[in-house]
Amino acid sequence: MAPPLRCDAGGKDFISNLPFELLSAIISRLDTAEAARTAVLSPRWRDAWRGTPLRLDDLELPVAPRPSIARAASASGAPWAARADTVSLALASHPGPVARFRLARTTLRARVPAAEAWFHDLAAGDRRAREVSLVCPPEWCHRALADPLLTSATLETLALGECRFSDAGAAAASRLTDLTLSRTHISEAALQSLLSGCPALRNVMFRHIQGPRRIRITSCRSLVLFGVWQYKHLEELTVEDAPRLECLLGDVHLGASVTIIGAPKLTALGYLVVGFRGFLHGIDKPAVEEVNKGLRAPFNSVKILAISMTFSSKKNMETLMNLLKCFPLLETLHIQGKPGERQVDTIDFGYYQKNEPIGCIVNHLKTVRLESKVKDLIIEVERNMFEFVCFLLANAQVLQIMKIQSAMSDTPAWTTEQQNLIQCHRASVEAKVVFEGLKVVHHKGFSIEAVNALPDPFDSDIDIMGY
């Protein structure tokens, strides 16, 4: 920060004499450390700092702690906790409201009681906290009890990692709209209390949650985005009465039964995983009526679908065909190919000729993206994959573009060979086939804001599957 301006010859401090509201506006535009330094300029600046909603972000704090704090931390036997002590000091010296409390590189290995004290402090009425984010690296696991945050009447955004919730906590965060939980311990009862006690929830993302085997989202009438990743023990995901839900995201690790009822605005769905039995009720059965048991097909609202599968067995292909029948108005299809089993079925064009036409492919499918991250794909699996490409090209009457993204696309001979393979009849005269390399993904950019800004969450530099 630049040194304070000198007073003029008359000894007047014109900046400090500015209206209080203007001083507060200046402070609100400074980062955490610079805003705190204004308190030493004069008593009026100090009052303005205390009256301005605190924006505490540890990415804006000095990397090296002040000597006094470092000595205190060293004396306590926990020098790595100096940053946590800085956070405690900042909260103690600023008694006013909190606009943002965001920690991403503060280890709490010896400061769990301090973190729990922060949660109590932030939930207090005079704090009026609006945004709280405490997402630390997994090696800094602390398991702080976060119950108090769910009682805040002003909290709008909450992102927590490596925390826990108790069964005794009762959620009553009436203004909470954005919720992200990562590596969080919570029971099924506590999770249901959280979802039902926060009626304003619009965006919910769960990653590697430990505890409940079932998630039931019922009467979440404000919910727009829901995502669940790396949930190893999840057996059932039920969504009922979600009239505003537009996007339901997941990953290959789900392996759960999914029931969706009453989501008329659901537009984007995926990744659905072909090959895991029971991922969708009845999806392995040939008749679409059987699919209806759990999925309640057809989904007329879904325009974007993402699927992860192998092309190694006829059973997987039958599952895919039946799955596509559930989405009669589908316009965009993303398929991520996985490594196949050693035993591979031959799935040639004759196999597809035996199937009845699929409405979404014939009448509505405009965009296809086929992704294969495997460099040394089994030849038979690769051949099956491109037979499926030919099937789509021969039947999709309104297809505009098909992108084939492969780890092999940087090999000219391979690309030429595949281009020759797909010189089949094309139902759409506008259909273009483009070979591309794999997209560069950015895991750090994955956030509620980033996903909501995308017209298609599966076609971007955000790795939905690998989150």
# chains A, B, ... in the order shown; residues from 1 in each chain; ligands from 1
>>> residues_around(residues="A:Trp229", least_positions_apart="5", cutoff="6 Å", atoms="only C-alpha atoms", output="number ranges by chain")
A: 207, 250-251
>>> residues_around(residues="A:Leu329", least_positions_apart="4", cutoff="9 Å", atoms="only C-alpha atoms", output="PyMOL selection string")
chain A and resi 299-303+359-361+363-365
>>> write_last_selection(atoms="N, CA and C atoms", output="PDB file, in the first residue's frame")
ATOM      1  N   PHE A 299     -37.972 -38.131 -20.341  1.00  0.00           N
ATOM      2  CA  PHE A 299     -37.568 -36.811 -19.888  1.00  0.00           C
ATOM      3  C   PHE A 299     -37.605 -35.861 -21.075  1.00  0.00           C
ATOM      4  N   ASN A 300     -38.726 -35.240 -21.298  1.00  0.00           N
ATOM      5  CA  ASN A 300     -38.858 -34.340 -22.440  1.00  0.00           C
ATOM      6  C   ASN A 300     -38.051 -33.060 -22.278  1.00  0.00           C
ATOM      7  N   SER A 301     -37.708 -32.708 -21.042  1.00  0.00           N
ATOM      8  CA  SER A 301     -37.019 -31.433 -20.814  1.00  0.00           C
ATOM      9  C   SER A 301     -35.516 -31.525 -21.047  1.00  0.00           C
ATOM     10  N   VAL A 302     -34.937 -32.721 -20.928  1.00  0.00           N
ATOM     11  CA  VAL A 302     -33.480 -32.856 -21.010  1.00  0.00           C
ATOM     12  C   VAL A 302     -33.004 -32.651 -22.445  1.00  0.00           C
ATOM     13  N   LYS A 303     -32.131 -31.659 -22.618  1.00  0.00           N
ATOM     14  CA  LYS A 303     -31.560 -31.362 -23.936  1.00  0.00           C
ATOM     15  C   LYS A 303     -30.086 -31.754 -24.019  1.00  0.00           C
ATOM     16  N   GLY A 359     -35.991 -41.973 -31.481  1.00  0.00           N
ATOM     17  CA  GLY A 359     -36.546 -40.676 -31.855  1.00  0.00           C
ATOM     18  C   GLY A 359     -35.598 -39.514 -31.697  1.00  0.00           C
ATOM     19  N   CYS A 360     -34.889 -39.450 -30.576  1.00  0.00           N
ATOM     20  CA  CYS A 360     -34.029 -38.287 -30.352  1.00  0.00           C
ATOM     21  C   CYS A 360     -32.888 -38.238 -31.358  1.00  0.00           C
ATOM     22  N   ILE A 361     -32.362 -39.412 -31.737  1.00  0.00           N
ATOM     23  CA  ILE A 361     -31.267 -39.442 -32.712  1.00  0.00           C
ATOM     24  C   ILE A 361     -31.764 -38.999 -34.081  1.00  0.00           C
ATOM     25  N   ASN A 363     -34.544 -37.250 -34.966  1.00  0.00           N
ATOM     26  CA  ASN A 363     -35.254 -35.979 -35.145  1.00  0.00           C
ATOM     27  C   ASN A 363     -34.661 -34.769 -34.434  1.00  0.00           C
ATOM     28  N   HIS A 364     -33.826 -34.965 -33.411  1.00  0.00           N
ATOM     29  CA  HIS A 364     -33.439 -33.816 -32.590  1.00  0.00           C
ATOM     30  C   HIS A 364     -31.944 -33.675 -32.334  1.00  0.00           C
ATOM     31  N   LEU A 365     -31.173 -34.729 -32.450  1.00  0.00           N
ATOM     32  CA  LEU A 365     -29.763 -34.676 -32.074  1.00  0.00           C
ATOM     33  C   LEU A 365     -28.978 -33.770 -33.029  1.00  0.00           C
TER      34      LEU A 365
END
>>> atom_distance(atom1="atom CA of A:Val362", atom2="atom CA of A:Asp463")
29.1 Å
>>> residues_around(residues="A:Val112", least_positions_apart="5", cutoff="10 Å", atoms="only C-alpha atoms", output="list in words")
Ala84, Thr107, Ala117, Trp118, Cys141, His142, Arg143, Ala144, Leu145 and Cys163 of chain A
>>> residues_around(residues="A:Leu438", least_positions_apart="4", cutoff="10 Å", atoms="only C-alpha atoms", output="PyMOL selection string")
chain A and resi 371-373+404-410
